[in-house]
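**Student:** Okay, so here is input.txt, and as you'll see once you scroll down, it has compact mmCIF, C-alpha atoms and all ligand atoms.
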```
# COMPACT_ATOMS: atom_id res chain seq x y z
CA MET A 2 1.66 16.92 -22.97
CA THR A 3 -0.80 17.60 -20.13
CA PRO A 4 -0.06 15.14 -17.32
CA LYS A 5 -2.85 12.63 -16.65
CA PRO A 6 -4.43 12.79 -13.18
CA ILE A 7 -3.75 9.70 -11.04
CA VAL A 8 -6.25 8.11 -8.64
CA ILE A 9 -4.65 5.46 -6.44
CA GLY A 10 -6.10 2.42 -4.68
CA ILE A 11 -3.76 0.66 -2.25
CA VAL A 12 -3.97 -3.10 -1.62
CA GLY A 13 -2.48 -4.07 1.76
CA ALA A 14 -2.34 -1.99 4.91
CA GLY A 15 1.01 -2.90 6.46
CA PHE A 16 4.55 -1.56 6.47
CA ALA A 17 5.00 -1.00 2.71
CA ALA A 18 1.52 0.53 2.30
CA SER A 19 2.39 3.14 4.95
CA PHE A 20 5.64 4.30 3.38
CA HIS A 21 4.00 4.34 -0.05
CA VAL A 22 1.20 6.65 1.10
CA GLU A 23 3.67 8.92 2.91
CA ASN A 24 5.89 9.18 -0.16
CA TYR A 25 3.12 9.66 -2.75
CA ARG A 26 2.34 12.75 -0.70
CA ARG A 27 5.86 14.05 -1.36
CA VAL A 28 5.54 13.83 -5.17
CA PRO A 29 5.52 17.39 -6.55
CA GLY A 30 3.64 18.92 -9.44
CA LEU A 31 1.17 16.15 -10.36
CA ASP A 32 -2.55 15.65 -9.76
CA ILE A 33 -2.44 12.64 -7.38
CA ARG A 34 -5.33 11.44 -5.23
CA ILE A 35 -4.93 8.45 -2.93
CA LYS A 36 -8.55 7.41 -2.84
CA GLY A 37 -8.66 4.28 -0.74
CA VAL A 38 -7.29 1.03 0.60
CA THR A 39 -8.31 -2.59 1.00
CA SER A 40 -6.73 -5.27 3.14
CA LYS A 41 -7.28 -8.84 4.25
CA ARG A 42 -9.16 -7.71 7.34
CA PRO A 43 -11.72 -4.92 6.77
CA GLN A 44 -11.03 -3.42 10.24
CA ARG A 45 -7.35 -3.04 9.34
CA ALA A 46 -8.24 -1.26 6.07
CA GLU A 47 -10.59 1.07 7.94
CA ALA A 48 -7.97 1.88 10.58
CA PHE A 49 -5.36 2.51 7.85
CA ALA A 50 -7.76 4.78 5.90
CA LYS A 51 -8.45 6.76 9.08
CA GLN A 52 -4.79 7.00 10.08
CA HIS A 53 -3.71 8.23 6.62
CA GLN A 54 -6.86 10.29 5.95
CA LEU A 55 -7.96 8.33 2.87
CA GLU A 56 -11.51 8.66 1.56
CA LYS A 57 -12.44 4.99 1.51
CA ALA A 58 -11.80 1.52 2.85
CA TYR A 59 -12.93 -1.05 0.28
CA SER A 60 -14.34 -4.38 1.45
CA SER A 61 -12.31 -6.40 -1.09
CA VAL A 62 -9.78 -6.20 -3.92
CA GLU A 63 -12.69 -6.75 -6.32
CA ALA A 64 -14.55 -3.71 -4.91
CA LEU A 65 -11.42 -1.57 -5.29
CA LEU A 66 -10.86 -2.74 -8.87
CA ALA A 67 -14.52 -2.07 -9.70
CA ASP A 68 -14.10 1.62 -8.80
CA SER A 69 -13.86 3.24 -12.23
CA GLU A 70 -12.19 6.35 -10.75
CA ILE A 71 -9.12 4.38 -9.73
CA THR A 72 -6.42 4.43 -12.40
CA LEU A 73 -3.47 3.03 -10.42
CA VAL A 74 -3.47 -0.02 -8.14
CA ASP A 75 -0.57 -0.22 -5.71
CA LEU A 76 0.13 -3.77 -4.49
CA CYS A 77 1.66 -3.74 -0.99
CA VAL A 78 0.78 -7.33 -0.19
CA PRO A 79 2.78 -10.47 0.63
CA ASN A 80 4.82 -11.85 -2.26
CA TYR A 81 2.59 -14.85 -3.01
CA LEU A 82 -0.23 -12.45 -3.96
CA HIS A 83 1.76 -10.38 -6.47
CA HIS A 84 1.15 -12.75 -9.41
CA PRO A 85 -2.63 -13.26 -9.05
CA LEU A 86 -3.30 -9.61 -8.19
CA VAL A 87 -1.16 -8.26 -11.05
CA LEU A 88 -3.14 -10.45 -13.46
CA GLN A 89 -6.43 -9.26 -11.92
CA ALA A 90 -5.46 -5.57 -11.92
CA ALA A 91 -4.14 -5.71 -15.50
CA GLU A 92 -7.34 -7.41 -16.63
CA ALA A 93 -9.30 -4.57 -14.97
CA GLY A 94 -7.26 -2.09 -17.04
CA LYS A 95 -5.48 -0.48 -14.07
CA HIS A 96 -1.89 0.72 -14.06
CA ILE A 97 0.14 -1.16 -11.45
CA VAL A 98 2.79 -0.45 -8.84
CA CYS A 99 4.00 -3.72 -7.31
CA GLU A 100 6.39 -4.15 -4.42
CA LYS A 101 9.48 -6.33 -4.69
CA PRO A 102 10.14 -9.19 -5.39
CA LEU A 103 8.07 -9.49 -8.57
CA THR A 104 6.98 -13.06 -7.87
CA GLY A 105 8.44 -16.48 -7.00
CA TYR A 106 7.55 -20.08 -6.31
CA PHE A 107 5.22 -20.53 -3.35
CA GLY A 108 3.85 -24.11 -3.53
CA ASP A 109 2.12 -25.71 -0.62
CA GLY A 110 4.90 -25.70 1.97
CA ARG A 111 6.26 -29.14 1.06
CA GLN A 112 10.03 -29.25 1.23
CA GLU A 113 10.71 -31.90 -1.38
CA THR A 114 10.13 -29.61 -4.39
CA SER A 115 13.42 -29.22 -6.26
CA ARG A 116 14.85 -25.75 -6.74
CA ARG A 117 14.77 -26.39 -10.48
CA THR A 118 11.00 -26.92 -10.37
CA MET A 119 10.72 -23.72 -8.35
CA PHE A 120 12.86 -21.80 -10.88
CA ASP A 121 10.65 -22.92 -13.79
CA ALA A 122 7.42 -22.09 -11.94
CA ALA A 123 8.68 -18.67 -10.76
CA LEU A 124 9.79 -17.67 -14.25
CA LYS A 125 6.54 -18.90 -15.76
CA ALA A 126 4.63 -16.72 -13.29
CA ALA A 127 6.90 -13.73 -14.03
CA ASP A 128 6.43 -14.18 -17.79
CA GLU A 129 2.65 -14.39 -17.34
CA MET A 130 2.78 -11.06 -15.51
CA VAL A 131 4.85 -9.49 -18.32
CA ASP A 132 2.32 -10.80 -20.88
CA ALA A 133 -0.71 -9.60 -18.88
CA VAL A 134 0.72 -6.09 -18.63
CA LYS A 135 1.50 -5.97 -22.37
CA HIS A 136 -1.80 -7.56 -23.42
CA ASN A 137 -3.89 -5.12 -21.36
CA ASN A 138 -1.70 -2.16 -22.31
CA VAL A 139 -1.22 -0.94 -18.74
CA MET A 140 1.85 0.60 -17.11
CA PHE A 141 3.79 -1.53 -14.62
CA CYS A 142 6.19 -0.05 -12.09
CA TYR A 143 8.44 -2.44 -10.18
CA GLY A 144 9.08 -1.32 -6.59
CA GLU A 145 12.85 -1.70 -6.32
CA ASN A 146 14.02 1.25 -4.25
CA TRP A 147 17.76 0.49 -4.72
CA VAL A 148 17.30 1.67 -8.33
CA TYR A 149 16.18 5.02 -6.93
CA ALA A 150 18.44 5.41 -3.89
CA PRO A 151 20.16 8.77 -4.54
CA SER A 152 23.59 7.18 -4.01
CA VAL A 153 22.89 4.50 -6.66
CA GLN A 154 21.52 7.07 -9.13
CA LYS A 155 24.57 9.27 -8.51
CA THR A 156 26.83 6.23 -9.10
CA ASN A 157 25.15 5.69 -12.45
CA ASP A 158 25.67 9.37 -13.34
CA LEU A 159 29.36 9.21 -12.35
CA LEU A 160 29.91 6.04 -14.39
CA ALA A 161 28.30 7.72 -17.41
CA GLU A 162 30.77 10.63 -17.22
CA SER A 163 33.49 8.69 -19.02
CA ASP A 164 34.00 5.37 -20.80
CA ASN A 165 33.79 3.39 -17.55
CA THR A 166 33.69 -0.39 -17.21
CA ILE A 167 32.14 -1.84 -14.05
CA LEU A 168 34.56 -4.63 -13.11
CA ARG A 169 33.16 -5.74 -9.76
CA ILE A 170 30.27 -4.87 -7.47
CA VAL A 171 30.09 -5.89 -3.80
CA ALA A 172 26.65 -5.33 -2.28
CA GLU A 173 24.72 -6.38 0.79
CA GLU A 174 21.27 -6.00 2.31
CA SER A 175 21.11 -7.36 5.86
CA HIS A 176 18.62 -6.96 8.69
CA SER A 177 18.02 -8.43 12.15
CA GLY A 178 14.93 -10.21 10.82
CA SER A 179 11.59 -9.19 9.33
CA HIS A 180 8.65 -7.48 11.03
CA SER A 181 6.32 -9.42 8.70
CA GLU A 182 5.21 -12.90 9.70
CA TYR A 183 4.70 -13.65 5.99
CA ALA A 184 8.49 -13.51 5.48
CA LYS A 185 9.13 -16.62 7.56
CA GLU A 186 7.30 -19.15 5.41
CA TRP A 187 8.27 -20.04 1.87
CA ARG A 188 4.64 -20.47 0.76
CA TYR A 189 4.02 -16.75 1.41
CA SER A 190 7.48 -15.27 0.75
CA GLY A 191 8.85 -17.49 -2.05
CA GLY A 192 12.24 -17.74 -0.33
CA GLY A 193 14.37 -16.48 2.53
CA SER A 194 17.00 -13.79 2.91
CA LEU A 195 18.71 -14.53 -0.40
CA PHE A 196 15.47 -13.74 -2.24
CA ASN A 197 13.61 -11.28 -0.03
CA LYS A 198 16.58 -9.17 1.00
CA GLY A 199 18.97 -10.17 -1.81
CA CYS A 200 16.56 -8.98 -4.51
CA HIS A 201 17.49 -5.39 -3.52
CA PRO A 202 21.27 -5.52 -4.13
CA VAL A 203 20.67 -7.79 -7.14
CA GLY A 204 18.25 -5.13 -8.43
CA GLY A 205 20.71 -2.28 -7.90
CA THR A 206 23.52 -4.29 -9.51
CA LEU A 207 21.50 -5.32 -12.57
CA TYR A 208 20.30 -1.75 -12.99
CA LEU A 209 23.90 -0.44 -13.10
CA LYS A 210 25.16 -3.14 -15.49
CA TYR A 211 22.06 -2.76 -17.72
CA SER A 212 22.59 1.01 -17.82
CA GLU A 213 26.28 0.53 -18.69
CA GLY A 214 25.31 -1.83 -21.54
CA LYS A 215 22.68 0.56 -22.90
CA ARG A 216 25.23 3.42 -22.91
CA LYS A 217 27.91 1.35 -24.63
CA TYR A 218 26.10 -1.13 -26.86
CA GLY A 219 22.47 0.01 -26.92
CA LYS A 220 21.42 -3.10 -24.92
CA PRO A 221 21.78 -4.32 -21.33
CA ILE A 222 24.78 -6.37 -20.14
CA LYS A 223 22.97 -9.42 -18.73
CA PRO A 224 23.93 -11.97 -16.06
CA LYS A 225 25.51 -15.14 -17.52
CA SER A 226 25.78 -17.39 -14.44
CA VAL A 227 25.34 -17.51 -10.68
CA LEU A 228 27.08 -19.46 -7.90
CA ALA A 229 25.54 -19.43 -4.42
CA GLN A 230 25.34 -20.78 -0.88
CA VAL A 231 22.63 -20.43 1.79
CA ALA A 232 22.37 -21.29 5.50
CA ASN A 233 20.07 -21.17 8.51
CA LEU A 234 22.35 -19.58 11.07
CA THR A 235 19.57 -19.00 13.62
CA HIS A 236 18.99 -22.77 13.66
CA MET A 237 22.48 -23.34 15.15
CA GLN A 238 22.19 -25.13 18.49
CA SER A 239 24.40 -22.68 20.38
CA PHE A 240 22.18 -19.80 19.20
CA LEU A 241 18.99 -21.68 20.13
CA ASP A 242 20.41 -22.41 23.59
CA GLU A 243 20.90 -18.71 24.39
CA ASP A 244 18.32 -17.19 26.76
CA GLU A 245 18.05 -13.69 25.37
CA LYS A 246 17.46 -13.22 21.64
CA TRP A 247 17.92 -9.93 19.80
CA LEU A 248 17.63 -11.37 16.30
CA LYS A 249 14.20 -12.35 15.00
CA GLU A 250 13.99 -16.14 14.85
CA GLY A 251 11.37 -18.70 13.90
CA TRP A 252 12.24 -18.91 10.20
CA LYS A 253 10.12 -21.89 9.29
CA ASP A 254 11.52 -23.11 6.00
CA CYS A 255 13.43 -20.06 4.73
CA GLU A 256 17.18 -19.46 4.95
CA ASP A 257 18.41 -16.49 7.02
CA TRP A 258 21.73 -16.00 5.17
CA GLY A 259 22.79 -16.32 1.55
CA THR A 260 25.53 -15.19 -0.78
CA MET A 261 25.95 -15.35 -4.54
CA ILE A 262 28.48 -14.47 -7.20
CA ILE A 263 26.93 -13.28 -10.43
CA THR A 264 29.07 -13.32 -13.57
CA PHE A 265 27.90 -11.04 -16.38
CA GLU A 266 28.20 -11.71 -20.11
CA ASP A 267 31.05 -9.16 -20.37
CA GLY A 268 33.01 -11.08 -17.69
CA SER A 269 32.40 -8.63 -14.81
CA VAL A 270 31.32 -9.99 -11.41
CA ALA A 271 29.03 -9.08 -8.51
CA GLN A 272 29.30 -10.48 -4.97
CA ILE A 273 25.92 -10.20 -3.28
CA THR A 274 25.19 -11.04 0.35
CA ALA A 275 21.84 -10.93 2.11
CA SER A 276 20.93 -11.94 5.63
CA ASP A 277 18.62 -11.61 8.60
CA ILE A 278 21.35 -12.07 11.20
CA VAL A 279 22.81 -8.56 11.51
CA LEU A 280 22.35 -6.42 14.61
CA GLY A 281 22.85 -2.67 14.78
CA GLY A 282 20.21 -1.54 12.30
CA ILE A 283 19.82 -2.40 8.66
CA HIS A 284 22.98 -2.71 6.60
CA ASN A 285 22.37 -1.76 2.95
CA VAL A 286 25.63 -0.98 1.19
CA MET A 287 27.20 -1.26 -2.24
CA THR A 288 30.74 -0.71 -3.52
CA VAL A 289 31.32 -0.37 -7.25
CA TYR A 290 34.84 -0.97 -8.57
CA SER A 291 35.00 0.37 -12.09
CA SER A 292 37.92 0.96 -14.43
CA LYS A 293 38.07 4.66 -13.54
CA VAL A 294 36.31 5.16 -10.21
CA VAL A 295 35.49 3.42 -6.93
CA VAL A 296 32.13 4.32 -5.37
CA GLN A 297 30.86 3.39 -1.92
CA CYS A 298 27.07 3.75 -1.52
CA ASN A 299 26.04 3.83 2.13
CA ILE A 300 22.29 3.63 1.69
CA ASN A 301 21.92 2.74 5.38
CA PRO A 302 23.77 3.37 7.67
CA ASN A 303 25.36 6.62 6.59
CA THR A 304 27.14 9.41 8.39
CA GLY A 305 24.90 12.29 7.30
CA MET A 306 24.05 12.70 10.99
CA LEU A 307 25.55 11.20 14.13
CA THR A 308 23.97 11.41 17.57
CA TYR A 309 25.16 10.48 21.03
CA ALA A 310 22.88 9.77 23.99
CA PRO A 311 24.08 8.45 27.36
CA THR A 312 21.03 6.16 27.68
CA ASP A 313 18.19 4.95 25.50
CA ARG A 314 15.69 6.74 27.76
CA VAL A 315 16.84 10.33 27.17
CA LEU A 316 15.65 10.23 23.54
CA GLY A 317 12.17 8.98 24.49
CA GLU A 318 10.37 7.46 21.50
CA ALA A 319 12.49 9.28 18.91
CA TYR A 320 13.08 7.41 15.64
CA ILE A 321 16.76 6.76 14.95
CA ARG A 322 16.86 4.42 11.97
CA GLU A 323 15.32 1.14 10.79
CA LYS A 324 15.70 -1.82 13.16
CA VAL A 325 18.43 -0.34 15.38
CA GLU A 326 18.00 -1.87 18.84
CA THR A 327 18.89 1.15 20.98
CA ARG A 328 19.06 4.95 20.91
CA ALA A 329 22.02 4.95 23.32
CA GLY A 330 25.65 5.62 22.42
CA TRP A 331 26.84 7.01 19.12
CA GLN A 332 24.20 6.39 16.44
CA PHE A 333 23.94 6.79 12.66
CA THR A 334 20.69 8.69 13.10
CA ASN A 335 18.97 9.14 9.75
CA PRO A 336 17.28 12.53 9.31
CA ASP A 337 15.35 11.31 6.24
CA GLU A 338 15.64 7.56 5.85
CA ASP A 339 12.99 7.34 3.13
CA TRP A 340 14.98 9.79 1.03
CA MET A 341 18.23 7.81 1.40
CA ASN A 342 16.28 4.62 0.56
CA GLY A 343 14.96 6.27 -2.62
CA PHE A 344 11.27 5.92 -1.76
CA PRO A 345 10.17 9.46 -2.73
CA HIS A 346 12.23 9.27 -5.93
CA GLU A 347 10.73 5.86 -6.75
CA LEU A 348 7.13 6.98 -6.36
CA GLU A 349 7.80 10.24 -8.20
CA ASP A 350 9.23 8.29 -11.16
CA PHE A 351 6.23 5.92 -11.11
CA CYS A 352 3.73 8.80 -11.07
CA GLN A 353 5.64 10.61 -13.84
CA ALA A 354 5.63 7.40 -15.89
CA ILE A 355 1.85 7.09 -15.60
CA ALA A 356 1.08 10.80 -15.95
CA TYR A 357 3.26 11.20 -19.07
CA ASP A 358 2.95 7.67 -20.49
CA GLN A 359 6.66 6.86 -20.34
CA SER A 360 8.67 3.92 -18.99
CA PRO A 361 9.71 4.00 -15.32
CA LYS A 362 13.37 3.35 -14.49
CA SER A 363 12.42 0.17 -12.59
CA THR A 364 10.54 -2.05 -15.03
CA ILE A 365 8.75 -5.39 -14.95
CA GLU A 366 11.57 -6.83 -17.10
CA LEU A 367 14.08 -5.91 -14.39
CA GLY A 368 11.85 -7.57 -11.77
CA ARG A 369 11.65 -10.72 -13.92
CA ASP A 370 15.44 -10.94 -14.38
CA ILE A 371 15.92 -10.55 -10.60
CA VAL A 372 13.62 -13.56 -10.09
CA ALA A 373 15.73 -15.56 -12.57
CA VAL A 374 19.01 -14.64 -10.84
CA CYS A 375 17.72 -15.39 -7.31
CA TYR A 376 16.09 -18.71 -8.23
CA GLY A 377 19.16 -19.62 -10.29
CA ALA A 378 21.12 -18.95 -7.09
CA TYR A 379 18.84 -21.35 -5.20
CA ILE A 380 19.56 -24.07 -7.80
CA SER A 381 23.28 -23.41 -7.39
CA ALA A 382 23.04 -23.59 -3.59
CA GLU A 383 21.19 -26.92 -3.86
CA THR A 384 23.49 -28.53 -6.43
CA GLY A 385 26.79 -26.95 -5.42
CA GLN A 386 27.32 -26.03 -9.11
CA ARG A 387 27.41 -22.74 -10.95
CA PHE A 388 24.03 -22.22 -12.71
CA LEU A 389 24.04 -20.89 -16.28
CA LEU A 390 21.44 -18.17 -16.76
CA SER A 391 22.04 -17.13 -20.39
CA GLU A 392 19.14 -19.23 -21.75
CA TRP A 393 16.63 -17.31 -19.60
CA MET A 394 17.99 -13.82 -20.14
N1 LIG B 401 10.93 -1.89 -0.80
C1 LIG B 401 11.09 -2.22 0.46
O1 LIG B 401 12.06 -1.82 1.09
C2 LIG B 401 10.06 -3.08 1.14
C3 LIG B 401 9.99 -3.06 2.53
C4 LIG B 401 9.04 -3.87 3.15
C5 LIG B 401 8.19 -4.66 2.38
N2 LIG B 401 8.30 -4.67 1.04
C6 LIG B 401 7.41 -5.54 0.23
O2 LIG B 401 6.07 -5.08 0.40
C7 LIG B 401 5.16 -6.18 0.38
C8 LIG B 401 4.31 -6.14 1.67
O3 LIG B 401 5.19 -6.28 2.78
P1 LIG B 401 4.88 -5.58 4.18
O4 LIG B 401 6.18 -5.51 4.88
O5 LIG B 401 4.07 -4.35 3.99
O6 LIG B 401 4.01 -6.72 4.86
P2 LIG B 401 2.96 -6.53 6.04
O7 LIG B 401 2.76 -7.89 6.61
O8 LIG B 401 3.37 -5.40 6.92
O9 LIG B 401 1.64 -6.07 5.25
C9 LIG B 401 0.98 -6.88 4.32
C10 LIG B 401 -0.45 -6.39 4.17
O10 LIG B 401 -1.10 -7.16 3.15
C11 LIG B 401 -2.41 -7.50 3.65
N3 LIG B 401 -2.92 -8.68 2.97
C12 LIG B 401 -2.58 -9.98 3.15
N4 LIG B 401 -3.34 -10.77 2.38
C13 LIG B 401 -4.18 -9.96 1.69
C14 LIG B 401 -5.23 -10.19 0.74
N5 LIG B 401 -5.54 -11.42 0.35
N6 LIG B 401 -5.86 -9.11 0.24
C15 LIG B 401 -5.57 -7.85 0.65
N7 LIG B 401 -4.62 -7.58 1.56
C16 LIG B 401 -3.92 -8.63 2.07
C17 LIG B 401 -2.17 -7.75 5.13
O11 LIG B 401 -3.36 -7.74 5.84
C18 LIG B 401 -1.25 -6.57 5.46
O12 LIG B 401 -2.01 -5.40 5.70
C19 LIG B 401 6.02 -7.45 0.25
O13 LIG B 401 6.01 -7.86 -1.07
C20 LIG B 401 7.40 -7.00 0.67
O14 LIG B 401 8.42 -7.73 0.02
C21 LIG B 401 9.20 -3.87 0.41
```
Can you turn what I pasted into structure tokens?
Ligand SMILES: NC(=O)c1ccc[n+]([C@@H]2O[C@H](COP(=O)([O-])OP(=O)(O)OC[C@H]3O[C@@H](n4cnc5c(N)ncnc54)[C@H](O)[C@@H]3O)[C@@H](O)[C@H]2O)c1

**Tutor:**
Amino acid sequence: MTPKPIVIGIVGAGFAASFHVENYRRVPGLDIRIKGVTSKRPQRAEAFAKQHQLEKAYSSVEALLADSEITLVDLCVPNYLHHPLVLQAAEAGKHIVCEKPLTGYFGDGRQETSRRTMFDAALKAADEMVDAVKHNNVMFCYGENWVYAPSVQKTNDLLAESDNTILRIVAEESHSGSHSEYAKEWRYSGGGSLFNKGCHPVGGTLYLKYSEGKRKYGKPIKPKSVLAQVANLTHMQSFLDEDEKWLKEGWKDCEDWGTMIITFEDGSVAQITASDIVLGGIHNVMTVYSSKVVVQCNINPNTGMLTYAPTDRVLGEAYIREKVETRAGWQFTNPDEDWMNGFPHELEDFCQAIAYDQSPKSTIELGRDIVAVCYGAYISAETGQRFLLSEWM
């Protein structure tokens, strides 16, 4: 089959949009043209187009969607916009790449909404997105880079080598806060650390258990229940009283720490932690305990390269790795962080999926199940009870 050419329009001109453009440019062997970008503020879209040498800055999402040359719309916008823009893009007949998390409950910022109401609304939105994609016969690629991190893919390959059973997964994504102001308010983000950071290790975990199930039984092994707790550790008085702050604070109504235990229908378990209270650079790790092998995935940090500098100053403006506070001392310097994160592999798989009309590894169904697990975890954290997921899986 001759691969179809791909013409991309990016929506959003922030952090995710930048690493998407950079990594589309690393995809080999396909006819890919990143035509243009639109953002909330036209000046920002114009600056982004200039910086990344794109042909066009569109004045609005509608103008971008009206461009008949564009075949793929890449949504790099705050979470609350994923649902409406996926529906709009699907209706316009465009293939879609959408950043994580798929969607959530956003509401109007009122605190009294029960987590159960949020769960129902988030899943309804996710199911509407699944239906819109099917109804309009467009491809949907869910931007979960943990699925594509080379260490996670290699884990899946190793597990497939023999009749392995994943017994337990321990995984964590933790940062020192978010660079995006949208992350601090539930009405834009749909949740705090447990959702926004936790969706990554939940995504990697579900991917591995689903792959195991498909190998063994021809169908995924799904989550059965979830038990969780959340906290606002940067709201502690002794932290607030400190003069100098290294962690990002100001979380309005979102938690900055959460943990959950997922039990799968085959009885295996996953312990997931996510937070915004960790210094020393991002901490994205997963250990898989299977019946025949133990695998430690150090997505970030890893020891591929270590550097030592006597002071921060001697390395000038050099990039070390995401969110590390200093260049001084021994550092887990990352020579290609995007590669370890799986970004080039993710965008290559998405472009291959569209060019050859095949399913990507990270699907809308995976994104939907992650929403169910995370919002089920919120119900559990609110009620103090394990939440049964089977009905929604
Ligand atoms: N996979 C990852 O590791 C990863 C990392 C960061 C962010 N993300 C995801 O990417 C998405 C964007 O996050 P970000 O960090 O780039 O945020 P950001 O704040 O850096 O950028 C968001 C962009 O969206 C634009 N925007 C806001 N409202 C808009 C509208 N109505 N129309 C058009 N553009 C609009 C903003 O102007 C901004 O340019 C989020 O869903 C986030 O969860 C994923």

**Student:** Suppose you want the space between CA of Val279 (chain A) and CA of Thr312 (chain A); what is it in Å?

**Tutor:**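 Taking CA of Val279 (chain A) and CA of Thr312 (chain A), their separation equals 21.9 Å.
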
**Student:** What's the separation between atom C19 of ligand LIG 401 (chain B) and CA of Ile283 (chain A), in Å to one decimal place?

**Tutor:**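 That distance, rounded to one decimal, is 16.9 Å.
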
**Student:** Got a sec: who's within 10 Å of region 249-251 of chain A, counting all atoms listed in the file, leaving out chain neighbours fewer than 2 positions off, as a CSV table (one decimal) with C-alpha atoms, keeping the file's coordinate frame?

**Tutor:**
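Once written, selection01.csv looks like this:
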```
chain,number,residue,atom,x,y,z
A,176,HIS,CA,18.6,-7.0,8.7
A,177,SER,CA,18.0,-8.4,12.2
A,178,GLY,CA,14.9,-10.2,10.8
A,179,SER,CA,11.6,-9.2,9.3
A,180,HIS,CA,8.6,-7.5,11.0
A,182,GLU,CA,5.2,-12.9,9.7
A,185,LYS,CA,9.1,-16.6,7.6
A,186,GLU,CA,7.3,-19.2,5.4
A,234,LEU,CA,22.4,-19.6,11.1
A,235,THR,CA,19.6,-19.0,13.6
A,236,HIS,CA,19.0,-22.8,13.7
A,240,PHE,CA,22.2,-19.8,19.2
A,241,LEU,CA,19.0,-21.7,20.1
A,246,LYS,CA,17.5,-13.2,21.6
A,247,TRP,CA,17.9,-9.9,19.8
A,253,LYS,CA,10.1,-21.9,9.3
A,254,ASP,CA,11.5,-23.1,6.0
A,255,CYS,CA,13.4,-20.1,4.7
A,257,ASP,CA,18.4,-16.5,7.0
A,277,ASP,CA,18.6,-11.6,8.6
A,278,ILE,CA,21.4,-12.1,11.2
```

**Student:** Residues within 9 Å of ligand LIG 401 (chain B), counting all atoms listed in the file: report them as a ChimeraX atom specification.

**Tutor:** /A:12-20,39-43,45-46,49,61-62,76-83,86,99-104,144-147,179-184,190,197-198,201,342,344

**Student:** Selected residues, C-alpha atoms, written as a compact mmCIF listing (two decimals), keeping the file's coordinate frame, please.

**Tutor:**
```txt
# COMPACT_ATOMS: atom_id res chain seq x y z
CA VAL A 12 -3.97 -3.10 -1.62
CA GLY A 13 -2.48 -4.07 1.76
CA ALA A 14 -2.34 -1.99 4.91
CA GLY A 15 1.01 -2.90 6.46
CA PHE A 16 4.55 -1.56 6.47
CA ALA A 17 5.00 -1.00 2.71
CA ALA A 18 1.52 0.53 2.30
CA SER A 19 2.39 3.14 4.95
CA PHE A 20 5.64 4.30 3.38
CA THR A 39 -8.31 -2.59 1.00
CA SER A 40 -6.73 -5.27 3.14
CA LYS A 41 -7.28 -8.84 4.25
CA ARG A 42 -9.16 -7.71 7.34
CA PRO A 43 -11.72 -4.92 6.77
CA ARG A 45 -7.35 -3.04 9.34
CA ALA A 46 -8.24 -1.26 6.07
CA PHE A 49 -5.36 2.51 7.85
CA SER A 61 -12.31 -6.40 -1.09
CA VAL A 62 -9.78 -6.20 -3.92
CA LEU A 76 0.13 -3.77 -4.49
CA CYS A 77 1.66 -3.74 -0.99
CA VAL A 78 0.78 -7.33 -0.19
CA PRO A 79 2.78 -10.47 0.63
CA ASN A 80 4.82 -11.85 -2.26
CA TYR A 81 2.59 -14.85 -3.01
CA LEU A 82 -0.23 -12.45 -3.96
CA HIS A 83 1.76 -10.38 -6.47
CA LEU A 86 -3.30 -9.61 -8.19
CA CYS A 99 4.00 -3.72 -7.31
CA GLU A 100 6.39 -4.15 -4.42
CA LYS A 101 9.48 -6.33 -4.69
CA PRO A 102 10.14 -9.19 -5.39
CA LEU A 103 8.07 -9.49 -8.57
CA THR A 104 6.98 -13.06 -7.87
CA GLY A 144 9.08 -1.32 -6.59
CA GLU A 145 12.85 -1.70 -6.32
CA ASN A 146 14.02 1.25 -4.25
CA TRP A 147 17.76 0.49 -4.72
CA SER A 179 11.59 -9.19 9.33
CA HIS A 180 8.65 -7.48 11.03
CA SER A 181 6.32 -9.42 8.70
CA GLU A 182 5.21 -12.90 9.70
CA TYR A 183 4.70 -13.65 5.99
CA ALA A 184 8.49 -13.51 5.48
CA SER A 190 7.48 -15.27 0.75
CA ASN A 197 13.61 -11.28 -0.03
CA LYS A 198 16.58 -9.17 1.00
CA HIS A 201 17.49 -5.39 -3.52
CA ASN A 342 16.28 4.62 0.56
CA PHE A 344 11.27 5.92 -1.76
```

**Student:** Would you write out, as a Markdown table, a table of all residues in region 142-246 of chain A that have an atom no more than 9 Å from an atom of region 348-359 of chain A, listing for each the closest atom pair and the distance in Å to one decimal, considering only C-alpha atoms and ordering rows by chain and rising residue number?

**Tutor:**
```
| residue | atom | partner | partner_atom | distance |
| --- | --- | --- | --- | --- |
| A:Cys142 | CA | A:Phe351 | CA | 6.1 |
| A:Tyr143 | CA | A:Phe351 | CA | 8.7 |
| A:Gly144 | CA | A:Leu348 | CA | 8.5 |
| A:Tyr149 | CA | A:Asp350 | CA | 8.8 |
```

**Student:** Go ahead and compute the interatomic distance for CA of Glu243 (chain A) and CA of Leu280 (chain A), in Å to one decimal.

**Tutor:**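 Answer for the CA of Glu243 (chain A) to CA of Leu280 (chain A) separation: 15.8 Å.
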
**Student:** Which of these, A:Asn137, A:Ser276, A:Gln238, A:Ser226, has the shortest distance to Cys200 (chain A) once you count all atoms listed in the file?

**Tutor:**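 Closest residue, counting all atoms listed in the file: A:Ser276.
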
**Student:** I'd like the contact shell of region 388-391 of chain A - 9 Å cut-off, only C-alpha atoms, skipping same-chain residues fewer than 2 positions apart - returned as number ranges by chain.

**Tutor:** A: 223-229, 266, 373-374, 377-378, 380-381, 384, 386, 393-394

**Student:** Between A:Leu209, A:Gly192, A:His284, A:Met306, single out the one closest to Ala161 (chain A), counting all atoms listed in the file.

**Tutor:**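 The shortest atom-to-atom distance to Ala161 (chain A) comes from A:Leu209.
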